[in-house]
Amino acid sequence: RARIVIEKNTDERGRLSDRGFTEVMDIYDGIALSSRDQKDESLQSLVKVRKANAYARHGDWEKALATYLDAWRGSKKDSDVHTYARVEAVRLMMSTCRRLRQDNRYDRIVDIYTAYKDSFVKELADGSTQFVMGEALYRAGRIEEARKMLELSTRSGSAYNEQAFPLLFAIDYRQERFQEALLWNTIYLSTYPGGSDTPRMRHFRGAVLHRLGSLEAAIPFLEETSSADNPFALESLRILAEIHHAMGNTVQEQRTLDRIISFHPARVSPVVEKALSLRADRLRQEGDLVRARDLYRALLDTYPRSMYAHWSMYSLAHIDRDLGDLQEARELLTRVKNASRDPVIVNAARVALDDLELEMQIRKYDATRGAQVRN
């Protein structure tokens, strides 16, 4: 009778009407009551499965999954009901997760995973659904669980493998598992050389090789993504500067810093900020005081709260003193002494101020004495 009610009250989309749902559930409740009186556990479990089917047809996937779980746990492992409950629950889980992903309801996918991770999720062998769950977990910040599901999806075979490998790479790179990250990167680039994530994966191949200490091998990938119009340019150039510094390639390092500085002032970035400081320091050491002064000033104008600000002021004060602007040098050193909380630079500024005051007094004395001699 229940089957007849379902057939008559199911529309072309397979959805059971409210009236049909109420009628069929009344039938199942009656059977359930009778089975309890007869203490027929197998019939009770079968009724639960039928009720779960009705919930699913009515569009209530939450109650359907919960009822399938109740039937699955309450039936013998070698019984047909146990197997049927598992198969139907997994099928419903797959279709529900796909639909939720289309609706961007990643939070509900996480809810399904959380509720059934110790039961039906373990029975899941569909790679696409494993990916959808892994992706949702990744978005929710549940990184290790996401990694497990994403890796399972690649082993099961999935239409989403091209998306899974970059996510696995990102997880292992973030967790500093660089050898594993390099493996995912290699698989992706060899399998999808023209994939949508290829530019990003080639950039990060250089980054991960750098972290693994393979400096020479990293350079071509970083150079490839360092052109001004590349979205990874600044990060690639930052790593290249570090590589050239580590390898003792001073000329290449300074050229790379100049390439980073060429983004100033259009791009405000901590990478540009650091490059301005490093390049200015080098120019000062080489005696190119005018260029060094310009870079220090650019740094202070654009990044007034920079971690390099006080040392830049200190260096700029020495340049101004060397170029004859003692008053500007004094103002900068005074600002450093009063503003910095670093005792090292405060003491250095105080000593430099004392020297500067003495020099200014000597110059004033020499100027006064010279005027007297002329008179």
# chains A, B, ... in the order shown; residues from 1 in each chain; ligands from 1
call {"tool": "residues_around", "arguments": {"residues": "Glu223 (chain A)", "least_positions_apart": "4", "cutoff": "9 Å", "atoms": "only C-alpha atoms", "output": "PyMOL selection string"}}
result
chain A and resi 203+206+218-219+227+233+236-237+240
call {"tool": "residues_around", "arguments": {"residues": "Arg98 (chain A)", "least_positions_apart": "5", "cutoff": "9 Å", "atoms": "only C-alpha atoms", "output": "number ranges by chain"}}
result
A: 93, 103, 128-129, 132
call {"tool": "write_last_selection", "arguments": {"atoms": "N, CA, C and O atoms", "output": "PDB file, in the first residue's frame"}}
result
ATOM      1  N   MET A  93      23.916  11.072   0.296  1.00  0.00           N
ATOM      2  CA  MET A  93      25.001  11.971   0.688  1.00  0.00           C
ATOM      3  C   MET A  93      25.694  12.554  -0.538  1.00  0.00           C
ATOM      4  O   MET A  93      26.001  13.759  -0.606  1.00  0.00           O
ATOM      5  N   ASP A 103      25.014  25.404  -4.648  1.00  0.00           N
ATOM      6  CA  ASP A 103      24.383  26.523  -3.946  1.00  0.00           C
ATOM      7  C   ASP A 103      25.360  27.264  -3.033  1.00  0.00           C
ATOM      8  O   ASP A 103      24.951  28.140  -2.263  1.00  0.00           O
ATOM      9  N   SER A 128      34.565  12.213  -6.337  1.00  0.00           N
ATOM     10  CA  SER A 128      34.028  13.563  -6.501  1.00  0.00           C
ATOM     11  C   SER A 128      33.418  14.077  -5.193  1.00  0.00           C
ATOM     12  O   SER A 128      33.604  15.235  -4.810  1.00  0.00           O
ATOM     13  N   THR A 129      32.690  13.205  -4.494  1.00  0.00           N
ATOM     14  CA  THR A 129      32.091  13.609  -3.220  1.00  0.00           C
ATOM     15  C   THR A 129      33.173  13.799  -2.158  1.00  0.00           C
ATOM     16  O   THR A 129      33.087  14.712  -1.328  1.00  0.00           O
ATOM     17  N   VAL A 132      34.491  17.218  -2.793  1.00  0.00           N
ATOM     18  CA  VAL A 132      33.563  18.265  -2.353  1.00  0.00           C
ATOM     19  C   VAL A 132      33.639  18.444  -0.838  1.00  0.00           C
ATOM     20  O   VAL A 132      33.661  19.570  -0.326  1.00  0.00           O
TER      21      VAL A 132
END
call {"tool": "residues_around", "arguments": {"residues": "Arg205 (chain A)", "least_positions_apart": "2", "cutoff": "9 Å", "atoms": "only C-alpha atoms", "output": "PyMOL selection string"}}
result
chain A and resi 181-182+185-186+200-203+207-210+218+221-222
call {"tool": "closest_residue", "arguments": {"among": "A:Asp197, A:Asp301, A:Asp258, A:Glu144", "to": "Asp172 (chain A)", "atoms": "only C-alpha atoms"}}
result
A:Glu144
call {"tool": "select_by_dssp", "arguments": {"residues": "region 248-360 of chain A", "states": "helix (DSSP H, G or I)", "output": "JSON, numbers by chain"}}
result
{"A": [250, 251, 252, 253, 254, 255, 256, 257, 258, 259, 260, 261, 270, 271, 272, 273, 274, 275, 276, 277, 278, 279, 280, 281, 282, 283, 284, 285, 286, 289, 290, 291, 292, 293, 294, 295, 296, 297, 298, 299, 300, 301, 302, 309, 310, 311, 312, 313, 314, 315, 316, 317, 318, 319, 320, 321, 322, 326, 327, 328, 329, 330, 331, 332, 333, 334, 335, 336, 337, 338, 339, 343, 344, 345, 346, 347, 348, 349, 350, 351, 352, 353, 354, 355, 356, 357, 358, 359, 360]}
call {"tool": "closest_atom_pairs", "arguments": {"of": "region 186-216 of chain A", "to": "region 152-166 of chain A", "cutoff": "9 Å", "atoms": "only C-alpha atoms", "output": "JSON lines"}}
result
{"residue": "A:Ile187", "atom": "CA", "partner": "A:Phe165", "partner_atom": "CA", "distance": 7.6}
{"residue": "A:Tyr188", "atom": "CA", "partner": "A:Phe165", "partner_atom": "CA", "distance": 6.0}
{"residue": "A:Thr191", "atom": "CA", "partner": "A:Glu162", "partner_atom": "CA", "distance": 8.4}
{"residue": "A:Tyr192", "atom": "CA", "partner": "A:Glu162", "partner_atom": "CA", "distance": 7.2}
{"residue": "A:Gly195", "atom": "CA", "partner": "A:Glu162", "partner_atom": "CA", "distance": 7.6}
{"residue": "A:Ser196", "atom": "CA", "partner": "A:Glu162", "partner_atom": "CA", "distance": 8.8}
{"residue": "A:Asp197", "atom": "CA", "partner": "A:Pro166", "partner_atom": "CA", "distance": 7.4}
{"residue": "A:Met201", "atom": "CA", "partner": "A:Pro166", "partner_atom": "CA", "distance": 7.3}
call {"tool": "residues_around", "arguments": {"residues": "Tyr116 (chain A)", "least_positions_apart": "5", "cutoff": "12 Å", "atoms": "only C-alpha atoms", "output": "VMD selection string"}}
result
chain A and resid 62 65 to 66 68 to 70 86 89 to 90 93 109 to 111 121 to 124 133
call {"tool": "closest_residue", "arguments": {"among": "A:Ala54, A:Val290, A:Ala228, A:Leu150", "to": "Asp322 (chain A)", "atoms": "only C-alpha atoms"}}
result
A:Val290
call {"tool": "residues_around", "arguments": {"residues": "Trp61 (chain A)", "least_positions_apart": "5", "cutoff": "8 Å", "atoms": "only C-alpha atoms", "output": "JSON, numbers by chain"}}
result
{"A": [55, 56, 92, 96]}
call {"tool": "decode", "arguments": {"residues": "region 154-168 of chain A", "atoms": "all heavy atoms", "output": "compact mmCIF listing (two decimals), in the first residue's frame"}}
result
# COMPACT_ATOMS: atom_id res chain seq x y z
N THR A 154 41.79 11.88 -4.78
CA THR A 154 42.73 11.66 -5.90
C THR A 154 42.99 10.18 -6.11
O THR A 154 43.26 9.75 -7.22
CB THR A 154 44.05 12.40 -5.66
OG1 THR A 154 44.72 11.86 -4.51
CG2 THR A 154 43.83 13.89 -5.47
N ARG A 155 42.92 9.41 -5.04
CA ARG A 155 43.14 7.97 -5.16
C ARG A 155 41.91 7.28 -5.73
O ARG A 155 42.04 6.29 -6.47
CB ARG A 155 43.46 7.37 -3.79
CG ARG A 155 44.79 7.82 -3.21
CD ARG A 155 45.02 7.23 -1.84
NE ARG A 155 46.28 7.65 -1.26
CZ ARG A 155 46.69 7.31 -0.03
NH1 ARG A 155 45.92 6.53 0.71
NH2 ARG A 155 47.84 7.74 0.43
N SER A 156 40.73 7.77 -5.37
CA SER A 156 39.49 7.15 -5.86
C SER A 156 39.23 7.48 -7.32
O SER A 156 38.48 6.78 -7.99
CB SER A 156 38.30 7.63 -5.00
OG SER A 156 38.50 7.32 -3.65
N GLY A 157 39.82 8.58 -7.79
CA GLY A 157 39.54 9.03 -9.15
C GLY A 157 38.38 10.00 -9.11
O GLY A 157 37.30 9.68 -8.61
N SER A 158 38.62 11.21 -9.58
CA SER A 158 37.61 12.25 -9.46
C SER A 158 37.70 13.22 -10.62
O SER A 158 38.78 13.47 -11.16
CB SER A 158 37.82 13.00 -8.13
OG SER A 158 37.18 14.24 -8.13
N ALA A 159 36.55 13.78 -10.97
CA ALA A 159 36.53 14.82 -12.01
C ALA A 159 37.16 16.11 -11.50
O ALA A 159 37.41 17.03 -12.28
CB ALA A 159 35.09 15.08 -12.43
N TYR A 160 37.43 16.15 -10.20
CA TYR A 160 37.98 17.36 -9.59
C TYR A 160 39.47 17.26 -9.28
O TYR A 160 40.01 18.08 -8.53
CB TYR A 160 37.22 17.67 -8.30
CG TYR A 160 35.76 17.97 -8.48
CD1 TYR A 160 34.80 17.03 -8.13
CD2 TYR A 160 35.34 19.20 -8.98
CE1 TYR A 160 33.45 17.29 -8.29
CE2 TYR A 160 33.99 19.48 -9.14
CZ TYR A 160 33.05 18.52 -8.79
OH TYR A 160 31.72 18.79 -8.93
N ASN A 161 40.15 16.28 -9.83
CA ASN A 161 41.57 16.12 -9.52
C ASN A 161 42.39 17.36 -9.85
O ASN A 161 43.34 17.71 -9.14
CB ASN A 161 42.16 14.92 -10.27
CG ASN A 161 41.96 13.62 -9.51
OD1 ASN A 161 41.38 13.60 -8.42
ND2 ASN A 161 42.43 12.52 -10.07
N GLU A 162 42.04 18.04 -10.94
CA GLU A 162 42.78 19.24 -11.32
C GLU A 162 42.67 20.32 -10.25
O GLU A 162 43.57 21.14 -10.11
CB GLU A 162 42.26 19.78 -12.67
CG GLU A 162 43.08 20.95 -13.19
CD GLU A 162 42.64 21.41 -14.56
OE1 GLU A 162 41.87 20.68 -15.22
OE2 GLU A 162 43.05 22.52 -14.97
N GLN A 163 41.59 20.32 -9.50
CA GLN A 163 41.43 21.27 -8.41
C GLN A 163 41.98 20.74 -7.10
O GLN A 163 42.39 21.51 -6.22
CB GLN A 163 39.94 21.61 -8.23
CG GLN A 163 39.35 22.35 -9.41
CD GLN A 163 37.83 22.36 -9.37
OE1 GLN A 163 37.17 21.59 -10.05
NE2 GLN A 163 37.27 23.23 -8.56
N ALA A 164 42.01 19.42 -6.95
CA ALA A 164 42.46 18.81 -5.70
C ALA A 164 43.96 18.98 -5.48
O ALA A 164 44.40 19.28 -4.37
CB ALA A 164 42.08 17.32 -5.67
N PHE A 165 44.75 18.78 -6.54
CA PHE A 165 46.21 18.83 -6.37
C PHE A 165 46.70 20.21 -5.90
O PHE A 165 47.55 20.28 -5.00
CB PHE A 165 46.91 18.40 -7.66
CG PHE A 165 46.76 16.94 -7.96
CD1 PHE A 165 46.25 16.52 -9.18
CD2 PHE A 165 47.12 15.98 -7.03
CE1 PHE A 165 46.10 15.17 -9.47
CE2 PHE A 165 46.97 14.62 -7.30
CZ PHE A 165 46.46 14.22 -8.53
N PRO A 166 46.20 21.33 -6.45
CA PRO A 166 46.63 22.62 -5.92
C PRO A 166 46.23 22.84 -4.46
O PRO A 166 46.97 23.47 -3.70
CB PRO A 166 45.92 23.63 -6.84
CG PRO A 166 45.74 22.90 -8.13
CD PRO A 166 45.43 21.50 -7.71
N LEU A 167 45.06 22.33 -4.06
CA LEU A 167 44.65 22.46 -2.66
C LEU A 167 45.57 21.64 -1.76
O LEU A 167 45.97 22.10 -0.68
CB LEU A 167 43.20 22.01 -2.48
CG LEU A 167 42.13 22.96 -3.03
CD1 LEU A 167 40.74 22.36 -2.80
CD2 LEU A 167 42.22 24.33 -2.37
N LEU A 168 45.90 20.43 -2.17
CA LEU A 168 46.82 19.61 -1.40
C LEU A 168 48.19 20.27 -1.30
O LEU A 168 48.82 20.26 -0.24
CB LEU A 168 46.94 18.22 -2.04
CG LEU A 168 45.75 17.29 -1.80
CD1 LEU A 168 45.78 16.12 -2.77
CD2 LEU A 168 45.76 16.78 -0.36
